[in-house]
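Peer 1: Contents are PDB, C-alpha atoms, pLDDT in the B column; file name work-v7.pdb:
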ATOM      1  CA  MET V   1      42.453  60.665 -23.085  1.00 91.00           C
ATOM      2  CA  PHE V   2      38.929  59.808 -24.199  1.00 94.00           C
ATOM      3  CA  ARG V   3      36.291  57.940 -22.262  1.00 94.00           C
ATOM      4  CA  VAL V   4      33.901  56.083 -24.533  1.00 95.00           C
ATOM      5  CA  THR V   5      30.631  54.515 -23.401  1.00 95.00           C
ATOM      6  CA  ILE V   6      28.977  52.075 -25.781  1.00 95.00           C
ATOM      7  CA  ARG V   7      25.455  50.868 -25.095  1.00 95.00           C
ATOM      8  CA  GLY V   8      24.408  47.791 -26.989  1.00 94.00           C
ATOM      9  CA  ALA V   9      22.588  44.490 -27.066  1.00 93.00           C
ATOM     10  CA  PHE V  10      24.039  41.009 -27.095  1.00 91.00           C
ATOM     11  CA  GLU V  11      23.031  38.769 -29.978  1.00 90.00           C
ATOM     12  CA  GLU V  12      22.970  34.964 -30.007  1.00 86.00           C
ATOM     13  CA  LEU V  13      25.348  34.334 -27.108  1.00 88.00           C
ATOM     14  CA  GLY V  14      26.624  30.792 -26.667  1.00 88.00           C
ATOM     15  CA  GLU V  15      26.422  29.125 -23.266  1.00 89.00           C
ATOM     16  CA  ASP V  16      30.180  29.655 -22.643  1.00 90.00           C
ATOM     17  CA  ASP V  17      29.782  33.382 -23.357  1.00 87.00           C
ATOM     18  CA  ARG V  18      26.742  33.553 -21.061  1.00 87.00           C
ATOM     19  CA  GLU V  19      28.641  31.932 -18.193  1.00 85.00           C
ATOM     20  CA  ALA V  20      31.631  34.253 -18.643  1.00 83.00           C
ATOM     21  CA  LEU V  21      29.388  37.324 -18.685  1.00 83.00           C
ATOM     22  CA  ARG V  22      27.385  36.148 -15.663  1.00 79.00           C
ATOM     23  CA  GLY V  23      30.632  35.735 -13.752  1.00 73.00           C
ATOM     24  CA  ALA V  24      31.656  39.246 -14.750  1.00 68.00           C
ATOM     25  CA  ALA V  25      28.238  40.588 -13.688  1.00 62.00           C
ATOM     26  CA  ASP V  26      28.704  38.988 -10.260  1.00 59.00           C
ATOM     27  CA  SER V  27      32.006  40.822  -9.769  1.00 59.00           C
ATOM     28  CA  LEU V  28      30.697  44.099 -11.179  1.00 60.00           C
ATOM     29  CA  ARG V  29      33.340  46.806 -11.598  1.00 66.00           C
ATOM     30  CA  VAL V  30      32.184  50.025 -13.146  1.00 73.00           C
ATOM     31  CA  ALA V  31      35.407  51.561 -14.420  1.00 80.00           C
ATOM     32  CA  PHE V  32      36.962  52.863 -17.614  1.00 88.00           C
ATOM     33  CA  THR V  33      39.970  50.773 -18.710  1.00 83.00           C
ATOM     34  CA  GLU V  34      41.875  50.469 -21.981  1.00 85.00           C
ATOM     35  CA  ALA V  35      40.630  46.898 -22.474  1.00 82.00           C
ATOM     36  CA  GLY V  36      37.111  47.993 -21.589  1.00 84.00           C
ATOM     37  CA  ASN V  37      34.607  46.768 -19.010  1.00 83.00           C
ATOM     38  CA  PHE V  38      31.126  45.364 -19.487  1.00 82.00           C
ATOM     39  CA  THR V  39      28.221  45.961 -17.171  1.00 86.00           C
ATOM     40  CA  CYS V  40      25.022  44.064 -17.796  1.00 84.00           C
ATOM     41  CA  ASP V  41      22.141  42.520 -15.915  1.00 76.00           C
ATOM     42  CA  ARG V  42      21.670  38.798 -15.315  1.00 76.00           C
ATOM     43  CA  SER V  43      19.373  38.461 -18.363  1.00 83.00           C
ATOM     44  CA  LEU V  44      22.314  39.415 -20.634  1.00 86.00           C
ATOM     45  CA  SER V  45      20.079  41.278 -23.032  1.00 86.00           C
ATOM     46  CA  ALA V  46      21.733  44.705 -22.987  1.00 89.00           C
ATOM     47  CA  PHE V  47      25.150  45.962 -21.932  1.00 91.00           C
ATOM     48  CA  THR V  48      27.202  49.052 -21.277  1.00 92.00           C
ATOM     49  CA  PHE V  49      30.855  48.928 -22.330  1.00 92.00           C
ATOM     50  CA  ARG V  50      33.210  51.525 -20.865  1.00 94.00           C
ATOM     51  CA  CYS V  51      36.582  52.060 -22.512  1.00 93.00           C
ATOM     52  CA  GLU V  52      39.406  54.525 -21.928  1.00 94.00           C
ATOM     53  CA  VAL V  53      41.243  55.449 -25.129  1.00 93.00           C
ATOM     54  CA  PRO V  54      44.641  57.210 -25.078  1.00 91.00           C
ATOM     55  CA  ALA V  55      44.645  60.309 -27.283  1.00 85.00           C
ATOM     56  CA  GLU V  56      47.277  61.624 -29.627  1.00 85.00           C
ATOM     57  CA  PRO V  57      47.334  65.423 -30.045  1.00 86.00           C
ATOM     58  CA  ASP V  58      45.428  65.300 -33.353  1.00 87.00           C
ATOM     59  CA  ASP V  59      42.919  62.598 -32.334  1.00 87.00           C
ATOM     60  CA  GLY V  60      39.240  63.383 -32.248  1.00 90.00           C
ATOM     61  CA  GLU V  61      36.020  61.630 -31.338  1.00 92.00           C
ATOM     62  CA  GLN V  62      36.031  59.561 -34.550  1.00 92.00           C
ATOM     63  CA  GLU V  63      39.408  57.974 -33.796  1.00 92.00           C
ATOM     64  CA  ALA V  64      38.408  57.332 -30.176  1.00 92.00           C
ATOM     65  CA  THR V  65      35.150  55.725 -31.293  1.00 94.00           C
ATOM     66  CA  GLU V  66      36.961  53.444 -33.751  1.00 94.00           C
ATOM     67  CA  ARG V  67      39.445  52.299 -31.081  1.00 93.00           C
ATOM     68  CA  ALA V  68      36.678  51.674 -28.536  1.00 94.00           C
ATOM     69  CA  ILE V  69      34.689  49.625 -31.052  1.00 94.00           C
ATOM     70  CA  ALA V  70      37.858  47.613 -31.774  1.00 94.00           C
ATOM     71  CA  ALA V  71      38.275  46.968 -28.017  1.00 93.00           C
ATOM     72  CA  LEU V  72      34.625  45.886 -27.782  1.00 93.00           C
ATOM     73  CA  THR V  73      34.988  43.575 -30.784  1.00 94.00           C
ATOM     74  CA  ALA V  74      38.179  42.057 -29.296  1.00 93.00           C
ATOM     75  CA  HIS V  75      36.110  40.620 -26.442  1.00 89.00           C
ATOM     76  CA  GLY V  76      34.419  38.402 -29.040  1.00 89.00           C
ATOM     77  CA  TYR V  77      30.805  38.628 -27.892  1.00 90.00           C
ATOM     78  CA  PRO V  78      28.242  38.959 -30.711  1.00 92.00           C
ATOM     79  CA  HIS V  79      26.584  42.324 -30.273  1.00 92.00           C
ATOM     80  CA  ARG V  80      24.728  45.205 -31.835  1.00 93.00           C
ATOM     81  CA  ILE V  81      25.657  48.795 -30.976  1.00 94.00           C
ATOM     82  CA  LEU V  82      22.758  51.032 -29.979  1.00 94.00           C
ATOM     83  CA  ARG V  83      24.438  54.243 -28.833  1.00 96.00           C
ATOM     84  CA  ILE V  84      27.940  55.663 -28.341  1.00 96.00           C
ATOM     85  CA  GLY V  85      29.001  58.529 -26.091  1.00 96.00           C
ATOM     86  CA  VAL V  86      32.485  60.052 -26.194  1.00 95.00           C
ATOM     87  CA  THR V  87      34.046  62.397 -23.631  1.00 92.00           C
ATOM     88  CA  ASP V  88      37.326  64.129 -24.422  1.00 91.00           C
ATOM     89  CA  MET V  89      39.018  64.281 -21.020  1.00 90.00           C
ATOM     90  CA  ARG V  90      41.474  66.874 -22.335  1.00 84.00           C
ATOM     91  CA  THR V  91      38.656  69.422 -22.340  1.00 85.00           C
ATOM     92  CA  ILE V  92      37.381  68.719 -18.816  1.00 82.00           C
ATOM     93  CA  LYS V  93      38.085  71.523 -16.382  1.00 82.00           C
ATOM     94  CA  ILE V  94      38.311  70.672 -12.703  1.00 80.00           C
ATOM     95  CA  ARG V  95      37.089  73.279 -10.285  1.00 81.00           C
ATOM     96  CA  ARG V  96      38.743  72.998  -6.918  1.00 80.00           C
ATOM     97  CA  LYS V  97      36.735  73.534  -3.746  1.00 81.00           C
ATOM     98  CA  GLY V  98      37.251  76.980  -2.383  1.00 72.00           C
ATOM     99  CA  ALA V  99      38.885  78.245  -5.571  1.00 60.00           C
ATOM    100  CA  ARG V 100      37.972  81.768  -6.550  1.00 60.00           C
ATOM    101  CA  ARG V 101      37.289  82.892 -10.062  1.00 57.00           C
TER     102      ARG V 101
END
Any chance you could give the structure as structure tokens?
Peer 2:
Amino acid sequence: MFRVTIRGAFEELGEDDREALRGAADSLRVAFTEAGNFTCDRSLSAFTFRCEVPAEPDDGEQEATERAIAALTAHGYPHRILRIGVTDMRTIKIRRKGARR
């Protein structure tokens, strides 16, 4: 599993898009999902898009990035990507409280 965070800017949003995004901003949920979630302020100038991408054994950051960009594009909002961060959850080690080394 990969978690991909895309930071970007909206470009030339129509009024329908603005209303939909404002409604989403009012019910803000910061979570990684396969469809992806937007967080943005009321001005709708910049956004953060969080997407969870299932990983095949041979998948790397490039494949995860491509799938996250496809999920972002599927939402249909005109945008420009500024920065992308990818975390491979398969490499995350969880340290339990009280666990000894």
Peer 1: Would you please work out which residue, of V:Ala9, V:Ala31, V:Ile94, V:Cys40, is nearest to V:His79 when using all atoms listed in the file?
Peer 2: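 Of the candidates, the smallest distance to V:His79 is held by V:Ala9.
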Peer 1: Would you mind reading off the distance between atom CA of V:Thr5 and atom CA of V:Gly85, one decimal, in Å?
Peer 2: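 Value for the atom CA of V:Thr5-atom CA of V:Gly85 distance: 5.1 Å.
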Peer 1: What does the structure give for the distance between atom CA of V:Glu34 and atom CA of V:Arg96, in Å to one decimal?
Peer 2: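 Between atom CA of V:Glu34 and atom CA of V:Arg96 the gap works out to 27.3 Å.
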Peer 1: Using only C-alpha atoms, can you tell me which of V:Gly14, V:Gly60, V:Pro54, V:Gly98 comes closest to V:Gly76?
Peer 2: V:Gly14
Peer 1: Residues near V:Leu13, anyone? I mean within 9 Å using all atoms listed in the file, not counting same-chain ones fewer than 4 positions away, as an mmCIF file with C-alpha atoms, in the coordinates of the input.
Peer 2:
data_model
loop_
_atom_site.group_PDB
_atom_site.id
_atom_site.type_symbol
_atom_site.label_atom_id
_atom_site.label_comp_id
_atom_site.auth_asym_id
_atom_site.auth_seq_id
_atom_site.Cartn_x
_atom_site.Cartn_y
_atom_site.Cartn_z
ATOM 1 C CA ASP V 17 29.782 33.382 -23.357
ATOM 2 C CA ARG V 18 26.742 33.553 -21.061
ATOM 3 C CA LEU V 44 22.314 39.415 -20.634
ATOM 4 C CA TYR V 77 30.805 38.628 -27.892
ATOM 5 C CA PRO V 78 28.242 38.959 -30.711
ATOM 6 C CA HIS V 79 26.584 42.324 -30.273
#
Peer 1: So how many Å separate atom CA of V:Arg50 and atom CA of V:Lys97, to one decimal?
Peer 2: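 According to the coordinates, atom CA of V:Arg50 and atom CA of V:Lys97 are separated by 28.1 Å.
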Peer 1: Under the PyMOL selection byres ((chain V and resi 80) around 12), which residues of this model are included? Write them out as number ranges by chain.
Peer 2: V: 6-13, 45-49, 69, 72-73, 77-79, 81-84
Peer 1: Quick one: residues within 12 Å of V:Glu63, only C-alpha atoms counted, chain neighbours fewer than 2 positions away excluded, as a list in words?
Peer 2: Met1, Phe2, Arg3, Val4, Val53, Pro54, Ala55, Glu56, Pro57, Asp58, Asp59, Gly60, Glu61, Thr65, Glu66, Arg67, Ala68, Ile69, Ala70, Val86 and Asp88 of chain V
Peer 1: Between V:Ile92, V:Glu15, V:Val30, V:Arg22, which has the minimum distance to V:Arg42 (counting only C-alpha atoms)?
Peer 2: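 Closest to V:Arg42 of all the choices is V:Arg22.
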Peer 1: Residue by residue, what does the PyMOL selection byres ((chain V and resi 33) around 6) grab here? Present the result as a PDB file with C-alpha atoms, keeping the file's coordinate frame.
Peer 2:
ATOM      1  CA  PHE V  32      36.962  52.863 -17.614  1.00 88.00           C
ATOM      2  CA  GLU V  34      41.875  50.469 -21.981  1.00 85.00           C
ATOM      3  CA  ALA V  35      40.630  46.898 -22.474  1.00 82.00           C
ATOM      4  CA  GLY V  36      37.111  47.993 -21.589  1.00 84.00           C
ATOM      5  CA  CYS V  51      36.582  52.060 -22.512  1.00 93.00           C
ATOM      6  CA  GLU V  52      39.406  54.525 -21.928  1.00 94.00           C
TER       7      GLU V  52
END
Peer 1: Around all listed atoms of stretch 17-22 of chain V, padded 6 Å per side, what centre and edge lengths does the axis-aligned box have in Å to one decimal, as lines of an AutoDock Vina configuration file?
Peer 2:
center_x = 29.2
center_y = 34.6
center_z = -19.5
size_x = 16.9
size_y = 17.4
size_z = 19.7
Peer 1: For V:Asp41, which residue out of V:Ala74, V:Met89, V:Leu21, V:Ala64 is the nearest one, using only C-alpha atoms?
Peer 2: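 Of V:Ala74, V:Met89, V:Leu21, V:Ala64, the one nearest V:Asp41, counting only C-alpha atoms, is V:Leu21.
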Peer 1: Copy stretch 6-99 of chain V out of the block into a file, keeping C-alpha atoms, as a PDB file, in the first residue's frame.
Peer 2:
ATOM      1  CA  ILE V   6      -0.364  15.697  -4.015  1.00  0.00           C
ATOM      2  CA  ARG V   7      -0.184  19.427  -3.392  1.00  0.00           C
ATOM      3  CA  GLY V   8      -1.484  21.591  -6.181  1.00  0.00           C
ATOM      4  CA  ALA V   9      -3.395  24.644  -7.299  1.00  0.00           C
ATOM      5  CA  PHE V  10      -6.814  24.824  -8.881  1.00  0.00           C
ATOM      6  CA  GLU V  11      -7.042  26.544 -12.248  1.00  0.00           C
ATOM      7  CA  GLU V  12     -10.105  28.227 -13.755  1.00  0.00           C
ATOM      8  CA  LEU V  13     -12.783  26.501 -11.679  1.00  0.00           C
ATOM      9  CA  GLY V  14     -16.372  26.890 -12.834  1.00  0.00           C
ATOM     10  CA  GLU V  15     -19.042  27.961 -10.362  1.00  0.00           C
ATOM     11  CA  ASP V  16     -20.407  24.376 -10.089  1.00  0.00           C
ATOM     12  CA  ASP V  17     -16.915  23.102  -9.229  1.00  0.00           C
ATOM     13  CA  ARG V  18     -16.470  25.890  -6.665  1.00  0.00           C
ATOM     14  CA  GLU V  19     -19.747  25.019  -4.941  1.00  0.00           C
ATOM     15  CA  ALA V  20     -18.898  21.304  -4.842  1.00  0.00           C
ATOM     16  CA  LEU V  21     -15.459  22.010  -3.379  1.00  0.00           C
ATOM     17  CA  ARG V  22     -16.834  24.477  -0.820  1.00  0.00           C
ATOM     18  CA  GLY V  23     -19.287  21.824   0.324  1.00  0.00           C
ATOM     19  CA  ALA V  24     -16.437  19.345   0.653  1.00  0.00           C
ATOM     20  CA  ALA V  25     -14.377  21.908   2.601  1.00  0.00           C
ATOM     21  CA  ASP V  26     -17.279  22.350   5.035  1.00  0.00           C
ATOM     22  CA  SER V  27     -17.340  18.611   5.758  1.00  0.00           C
ATOM     23  CA  LEU V  28     -13.556  18.315   5.931  1.00  0.00           C
ATOM     24  CA  ARG V  29     -12.262  14.749   6.255  1.00  0.00           C
ATOM     25  CA  VAL V  30      -8.531  14.334   6.259  1.00  0.00           C
ATOM     26  CA  ALA V  31      -8.080  10.703   5.270  1.00  0.00           C
ATOM     27  CA  PHE V  32      -6.347   8.577   2.663  1.00  0.00           C
ATOM     28  CA  THR V  33      -8.833   6.702   0.446  1.00  0.00           C
ATOM     29  CA  GLU V  34      -8.520   4.945  -2.907  1.00  0.00           C
ATOM     30  CA  ALA V  35     -10.717   7.572  -4.586  1.00  0.00           C
ATOM     31  CA  GLY V  36      -8.744  10.324  -2.882  1.00  0.00           C
ATOM     32  CA  ASN V  37      -9.774  13.241  -0.678  1.00  0.00           C
ATOM     33  CA  PHE V  38      -9.293  16.958  -1.196  1.00  0.00           C
ATOM     34  CA  THR V  39      -8.565  19.442   1.534  1.00  0.00           C
ATOM     35  CA  CYS V  40      -8.542  23.109   0.650  1.00  0.00           C
ATOM     36  CA  ASP V  41      -9.389  26.466   2.144  1.00  0.00           C
ATOM     37  CA  ARG V  42     -12.474  28.516   1.297  1.00  0.00           C
ATOM     38  CA  SER V  43     -10.556  30.576  -1.303  1.00  0.00           C
ATOM     39  CA  LEU V  44     -10.054  27.396  -3.391  1.00  0.00           C
ATOM     40  CA  SER V  45      -6.637  28.491  -4.547  1.00  0.00           C
ATOM     41  CA  ALA V  46      -4.542  25.534  -3.386  1.00  0.00           C
ATOM     42  CA  PHE V  47      -5.353  21.966  -2.391  1.00  0.00           C
ATOM     43  CA  THR V  48      -3.945  18.826  -0.860  1.00  0.00           C
ATOM     44  CA  PHE V  49      -5.113  15.529  -2.354  1.00  0.00           C
ATOM     45  CA  ARG V  50      -4.564  12.367  -0.319  1.00  0.00           C
ATOM     46  CA  CYS V  51      -4.836   9.011  -2.060  1.00  0.00           C
ATOM     47  CA  GLU V  52      -4.226   5.439  -0.942  1.00  0.00           C
ATOM     48  CA  VAL V  53      -2.914   3.220  -3.740  1.00  0.00           C
ATOM     49  CA  PRO V  54      -2.895  -0.598  -3.459  1.00  0.00           C
ATOM     50  CA  ALA V  55       0.533  -2.042  -4.255  1.00  0.00           C
ATOM     51  CA  GLU V  56       1.486  -5.101  -6.226  1.00  0.00           C
ATOM     52  CA  PRO V  57       4.729  -6.801  -5.128  1.00  0.00           C
ATOM     53  CA  ASP V  58       6.767  -5.199  -7.934  1.00  0.00           C
ATOM     54  CA  ASP V  59       5.177  -1.726  -7.728  1.00  0.00           C
ATOM     55  CA  GLY V  60       7.290   1.261  -6.851  1.00  0.00           C
ATOM     56  CA  GLU V  61       6.810   4.964  -6.278  1.00  0.00           C
ATOM     57  CA  GLN V  62       6.438   5.674 -10.013  1.00  0.00           C
ATOM     58  CA  GLU V  63       3.450   3.346 -10.399  1.00  0.00           C
ATOM     59  CA  ALA V  64       1.853   4.711  -7.220  1.00  0.00           C
ATOM     60  CA  THR V  65       2.338   8.280  -8.431  1.00  0.00           C
ATOM     61  CA  GLU V  66       0.745   7.496 -11.804  1.00  0.00           C
ATOM     62  CA  ARG V  67      -2.301   5.883 -10.151  1.00  0.00           C
ATOM     63  CA  ALA V  68      -2.719   8.779  -7.709  1.00  0.00           C
ATOM     64  CA  ILE V  69      -2.541  11.321 -10.537  1.00  0.00           C
ATOM     65  CA  ALA V  70      -5.183   9.287 -12.404  1.00  0.00           C
ATOM     66  CA  ALA V  71      -7.420   9.381  -9.291  1.00  0.00           C
ATOM     67  CA  LEU V  72      -6.902  13.150  -9.013  1.00  0.00           C
ATOM     68  CA  THR V  73      -7.701  13.656 -12.699  1.00  0.00           C
ATOM     69  CA  ALA V  74     -10.857  11.505 -12.365  1.00  0.00           C
ATOM     70  CA  HIS V  75     -12.350  14.134 -10.051  1.00  0.00           C
ATOM     71  CA  GLY V  76     -12.397  16.475 -13.058  1.00  0.00           C
ATOM     72  CA  TYR V  77     -11.201  19.698 -11.442  1.00  0.00           C
ATOM     73  CA  PRO V  78      -8.724  21.723 -13.537  1.00  0.00           C
ATOM     74  CA  HIS V  79      -5.482  21.801 -11.600  1.00  0.00           C
ATOM     75  CA  ARG V  80      -1.734  22.160 -11.647  1.00  0.00           C
ATOM     76  CA  ILE V  81       0.457  19.828  -9.584  1.00  0.00           C
ATOM     77  CA  LEU V  82       3.059  21.537  -7.415  1.00  0.00           C
ATOM     78  CA  ARG V  83       4.516  18.706  -5.339  1.00  0.00           C
ATOM     79  CA  ILE V  84       4.034  14.963  -4.804  1.00  0.00           C
ATOM     80  CA  GLY V  85       5.011  12.895  -1.776  1.00  0.00           C
ATOM     81  CA  VAL V  86       4.864   9.094  -1.740  1.00  0.00           C
ATOM     82  CA  THR V  87       5.083   6.814   1.303  1.00  0.00           C
ATOM     83  CA  ASP V  88       5.473   3.072   0.822  1.00  0.00           C
ATOM     84  CA  MET V  89       3.508   1.657   3.753  1.00  0.00           C
ATOM     85  CA  ARG V  90       5.151  -1.738   3.243  1.00  0.00           C
ATOM     86  CA  THR V  91       8.385  -0.287   4.611  1.00  0.00           C
ATOM     87  CA  ILE V  92       6.890   1.347   7.716  1.00  0.00           C
ATOM     88  CA  LYS V  93       7.887  -0.364  10.934  1.00  0.00           C
ATOM     89  CA  ILE V  94       5.593  -0.014  13.921  1.00  0.00           C
ATOM     90  CA  ARG V  95       7.225   0.098  17.306  1.00  0.00           C
ATOM     91  CA  ARG V  96       4.937  -1.100  20.041  1.00  0.00           C
ATOM     92  CA  LYS V  97       4.897   0.645  23.408  1.00  0.00           C
ATOM     93  CA  GLY V  98       6.932  -1.226  25.927  1.00  0.00           C
ATOM     94  CA  ALA V  99       8.600  -3.406  23.302  1.00  0.00           C
TER      95      ALA V  99
END
